[in-house]
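Down below is the structure, laid out as structure tokens.
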Amino acid sequence: MVSALIIKTLKNIKAQHKKNLVIDMAKQRITTGAILEVNIEGQYYVYAQILQNGDGIAFFDYKTEDKLIDLYLLEKCEILFIIVVYNDVITQGKWVKVGKLPVRKELEVLPMKFVQQYGRQIM
């Protein structure tokens, strides 16, 4: 009887914890300069920065098996590419915000972008 009660309590705690995680991730906002941590295949971490008004995400030339502690290391890294993603990748916490750094001068003016959606081209 006690073990059944403990199991039920643990299940309730686990369910509440999952609910809290979903709520916390839903609160993540798009913030210019925010650093995103992107987990690749559960094995590596790469880092990116949200650019002006979320109109682009700049990925740094940095990959590691351990989470980065000193975000200032990214200031010395080259930019690999800039992409545009749906907002929910950030707002729903698929890519986690881990800090904020100033946006580099060369990234203040965004490059032209090309978007193709459902067979249409939007420039």
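Letters for chains follow the order of the structure tokens (A, B, ...), residue numbers begin at 1 for each chain, and ligand numbers begin at 1 in the order shown.
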Could you pull the residues within 7 Å of stretch 26-41 of chain A, counting only C-alpha atoms, minus those fewer than 4 positions along the same chain, as a PyMOL selection string? chain A and resi 22+45-54+90-93+95-103
Restrict the selected residues to N, CA and C atoms and save them as a PDB file, in the first residue's frame.
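Generated file (part32.pdb):
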ATOM      1  N   VAL A  22       7.237  22.845 -19.732  1.00  0.00           N
ATOM      2  CA  VAL A  22       6.531  23.358 -20.904  1.00  0.00           C
ATOM      3  C   VAL A  22       6.174  24.820 -20.694  1.00  0.00           C
ATOM      4  N   TYR A  45      26.937  20.435 -29.056  1.00  0.00           N
ATOM      5  CA  TYR A  45      26.279  21.722 -28.873  1.00  0.00           C
ATOM      6  C   TYR A  45      26.915  22.718 -29.825  1.00  0.00           C
ATOM      7  N   VAL A  46      26.065  23.480 -30.504  1.00  0.00           N
ATOM      8  CA  VAL A  46      26.523  24.598 -31.319  1.00  0.00           C
ATOM      9  C   VAL A  46      25.791  25.838 -30.823  1.00  0.00           C
ATOM     10  N   TYR A  47      26.317  27.000 -31.170  1.00  0.00           N
ATOM     11  CA  TYR A  47      25.768  28.243 -30.629  1.00  0.00           C
ATOM     12  C   TYR A  47      25.480  29.237 -31.737  1.00  0.00           C
ATOM     13  N   ALA A  48      24.427  30.011 -31.504  1.00  0.00           N
ATOM     14  CA  ALA A  48      23.988  31.010 -32.478  1.00  0.00           C
ATOM     15  C   ALA A  48      23.514  32.251 -31.734  1.00  0.00           C
ATOM     16  N   GLN A  49      23.355  33.336 -32.480  1.00  0.00           N
ATOM     17  CA  GLN A  49      22.904  34.582 -31.871  1.00  0.00           C
ATOM     18  C   GLN A  49      21.717  35.136 -32.644  1.00  0.00           C
ATOM     19  N   ILE A  50      20.714  35.593 -31.894  1.00  0.00           N
ATOM     20  CA  ILE A  50      19.549  36.219 -32.506  1.00  0.00           C
ATOM     21  C   ILE A  50      19.950  37.626 -32.943  1.00  0.00           C
ATOM     22  N   LEU A  51      19.738  37.911 -34.219  1.00  0.00           N
ATOM     23  CA  LEU A  51      20.092  39.217 -34.758  1.00  0.00           C
ATOM     24  C   LEU A  51      18.914  40.177 -34.660  1.00  0.00           C
ATOM     25  N   GLN A  52      19.083  41.341 -35.169  1.00  0.00           N
ATOM     26  CA  GLN A  52      18.139  42.447 -35.068  1.00  0.00           C
ATOM     27  C   GLN A  52      16.681  42.011 -35.223  1.00  0.00           C
ATOM     28  N   ASN A  53      15.922  42.179 -34.158  1.00  0.00           N
ATOM     29  CA  ASN A  53      14.478  41.873 -34.134  1.00  0.00           C
ATOM     30  C   ASN A  53      14.155  40.437 -34.527  1.00  0.00           C
ATOM     31  N   GLY A  54      15.092  39.546 -34.406  1.00  0.00           N
ATOM     32  CA  GLY A  54      14.848  38.149 -34.759  1.00  0.00           C
ATOM     33  C   GLY A  54      14.777  37.899 -36.249  1.00  0.00           C
ATOM     34  N   ILE A  90      12.396  29.214 -31.273  1.00  0.00           N
ATOM     35  CA  ILE A  90      12.908  29.940 -30.108  1.00  0.00           C
ATOM     36  C   ILE A  90      11.852  30.011 -29.013  1.00  0.00           C
ATOM     37  N   THR A  91      10.653  30.446 -29.366  1.00  0.00           N
ATOM     38  CA  THR A  91       9.634  30.684 -28.345  1.00  0.00           C
ATOM     39  C   THR A  91       9.195  29.413 -27.630  1.00  0.00           C
ATOM     40  N   GLN A  92       9.265  28.277 -28.302  1.00  0.00           N
ATOM     41  CA  GLN A  92       8.885  27.015 -27.659  1.00  0.00           C
ATOM     42  C   GLN A  92      10.081  26.294 -27.041  1.00  0.00           C
ATOM     43  N   GLY A  93      11.249  26.917 -27.099  1.00  0.00           N
ATOM     44  CA  GLY A  93      12.406  26.374 -26.403  1.00  0.00           C
ATOM     45  C   GLY A  93      13.124  25.233 -27.089  1.00  0.00           C
ATOM     46  N   TRP A  95      15.422  25.652 -29.280  1.00  0.00           N
ATOM     47  CA  TRP A  95      16.768  26.178 -29.133  1.00  0.00           C
ATOM     48  C   TRP A  95      16.742  27.056 -27.885  1.00  0.00           C
ATOM     49  N   VAL A  96      17.544  26.728 -26.907  1.00  0.00           N
ATOM     50  CA  VAL A  96      17.464  27.359 -25.593  1.00  0.00           C
ATOM     51  C   VAL A  96      18.343  28.604 -25.503  1.00  0.00           C
ATOM     52  N   LYS A  97      17.768  29.681 -24.982  1.00  0.00           N
ATOM     53  CA  LYS A  97      18.547  30.890 -24.727  1.00  0.00           C
ATOM     54  C   LYS A  97      19.405  30.663 -23.494  1.00  0.00           C
ATOM     55  N   VAL A  98      20.717  30.936 -23.628  1.00  0.00           N
ATOM     56  CA  VAL A  98      21.639  30.695 -22.514  1.00  0.00           C
ATOM     57  C   VAL A  98      22.367  31.960 -22.070  1.00  0.00           C
ATOM     58  N   GLY A  99      22.118  33.061 -22.719  1.00  0.00           N
ATOM     59  CA  GLY A  99      22.788  34.302 -22.354  1.00  0.00           C
ATOM     60  C   GLY A  99      22.588  35.354 -23.424  1.00  0.00           C
ATOM     61  N   LYS A 100      23.372  36.420 -23.321  1.00  0.00           N
ATOM     62  CA  LYS A 100      23.252  37.515 -24.279  1.00  0.00           C
ATOM     63  C   LYS A 100      24.613  38.175 -24.450  1.00  0.00           C
ATOM     64  N   LEU A 101      24.931  38.525 -25.702  1.00  0.00           N
ATOM     65  CA  LEU A 101      26.151  39.259 -26.037  1.00  0.00           C
ATOM     66  C   LEU A 101      25.781  40.380 -26.997  1.00  0.00           C
ATOM     67  N   PRO A 102      26.600  41.426 -27.049  1.00  0.00           N
ATOM     68  CA  PRO A 102      26.339  42.476 -28.039  1.00  0.00           C
ATOM     69  C   PRO A 102      26.456  41.902 -29.463  1.00  0.00           C
ATOM     70  N   VAL A 103      25.602  42.384 -30.344  1.00  0.00           N
ATOM     71  CA  VAL A 103      25.657  41.966 -31.745  1.00  0.00           C
ATOM     72  C   VAL A 103      26.833  42.677 -32.399  1.00  0.00           C
TER      73      VAL A 103
END
Excluding A:Ile82 and any residue of its chain fewer than 5 positions from it, enumerate the residues within 7 Å of it, using only C-alpha atoms, and give them as a PDB file with N, CA and C atoms, in the first residue's frame.
ATOM      1  N   GLY A  56      17.097  37.237 -38.205  1.00  0.00           N
ATOM      2  CA  GLY A  56      18.135  36.306 -38.629  1.00  0.00           C
ATOM      3  C   GLY A  56      18.805  35.693 -37.422  1.00  0.00           C
ATOM      4  N   ILE A  57      19.391  34.530 -37.632  1.00  0.00           N
ATOM      5  CA  ILE A  57      20.136  33.826 -36.597  1.00  0.00           C
ATOM      6  C   ILE A  57      21.523  33.548 -37.159  1.00  0.00           C
ATOM      7  N   ALA A  58      22.554  34.066 -36.481  1.00  0.00           N
ATOM      8  CA  ALA A  58      23.936  33.868 -36.920  1.00  0.00           C
ATOM      9  C   ALA A  58      24.545  32.708 -36.138  1.00  0.00           C
ATOM     10  N   PHE A  59      25.027  31.708 -36.851  1.00  0.00           N
ATOM     11  CA  PHE A  59      25.658  30.547 -36.220  1.00  0.00           C
ATOM     12  C   PHE A  59      27.169  30.735 -36.167  1.00  0.00           C
TER      13      PHE A  59
END
Tell me, in Å to one decimal, how far atom CA of A:Gln43 is from atom CA of A:Lys63.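 Computing the Euclidean distance for atom CA of A:Gln43 and atom CA of A:Lys63 yields 10.2 Å.
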DSSP on the backbone: which residues in stretch 17-80 of chain A end up as helix (DSSP H, G or I)? Give the answer as a list in words.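 Assigned to helix (DSSP H, G or I), within stretch 17-80 of chain A: His17, Lys18, Lys19, Asn20, Leu21, Val22, Ile23, Asp24, Met25, Ala26, Gln52, Asn53, Gly54, Leu71, Tyr72, Leu73, Leu74, Glu75 and Lys76 of chain A.
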Would you mind exporting C-alpha atoms of the selected residues as a PDB file, in the first residue's frame?
ATOM      1  CA  HIS A  17       7.635  18.809 -13.536  1.00  0.00           C
ATOM      2  CA  LYS A  18       6.900  18.227 -17.234  1.00  0.00           C
ATOM      3  CA  LYS A  19       4.084  20.772 -17.061  1.00  0.00           C
ATOM      4  CA  ASN A  20       6.423  23.333 -15.472  1.00  0.00           C
ATOM      5  CA  LEU A  21       9.052  22.743 -18.144  1.00  0.00           C
ATOM      6  CA  VAL A  22       6.531  23.358 -20.904  1.00  0.00           C
ATOM      7  CA  ILE A  23       5.351  26.555 -19.232  1.00  0.00           C
ATOM      8  CA  ASP A  24       8.924  27.810 -18.709  1.00  0.00           C
ATOM      9  CA  MET A  25       9.927  27.096 -22.308  1.00  0.00           C
ATOM     10  CA  ALA A  26       6.793  28.814 -23.616  1.00  0.00           C
ATOM     11  CA  GLN A  52      18.139  42.447 -35.068  1.00  0.00           C
ATOM     12  CA  ASN A  53      14.478  41.873 -34.134  1.00  0.00           C
ATOM     13  CA  GLY A  54      14.848  38.149 -34.759  1.00  0.00           C
ATOM     14  CA  LEU A  71      29.924  32.705 -23.753  1.00  0.00           C
ATOM     15  CA  TYR A  72      32.594  35.361 -24.377  1.00  0.00           C
ATOM     16  CA  LEU A  73      34.572  32.687 -26.274  1.00  0.00           C
ATOM     17  CA  LEU A  74      32.013  33.158 -29.055  1.00  0.00           C
ATOM     18  CA  GLU A  75      33.183  36.729 -29.649  1.00  0.00           C
ATOM     19  CA  LYS A  76      36.369  35.330 -31.198  1.00  0.00           C
TER      20      LYS A  76
END
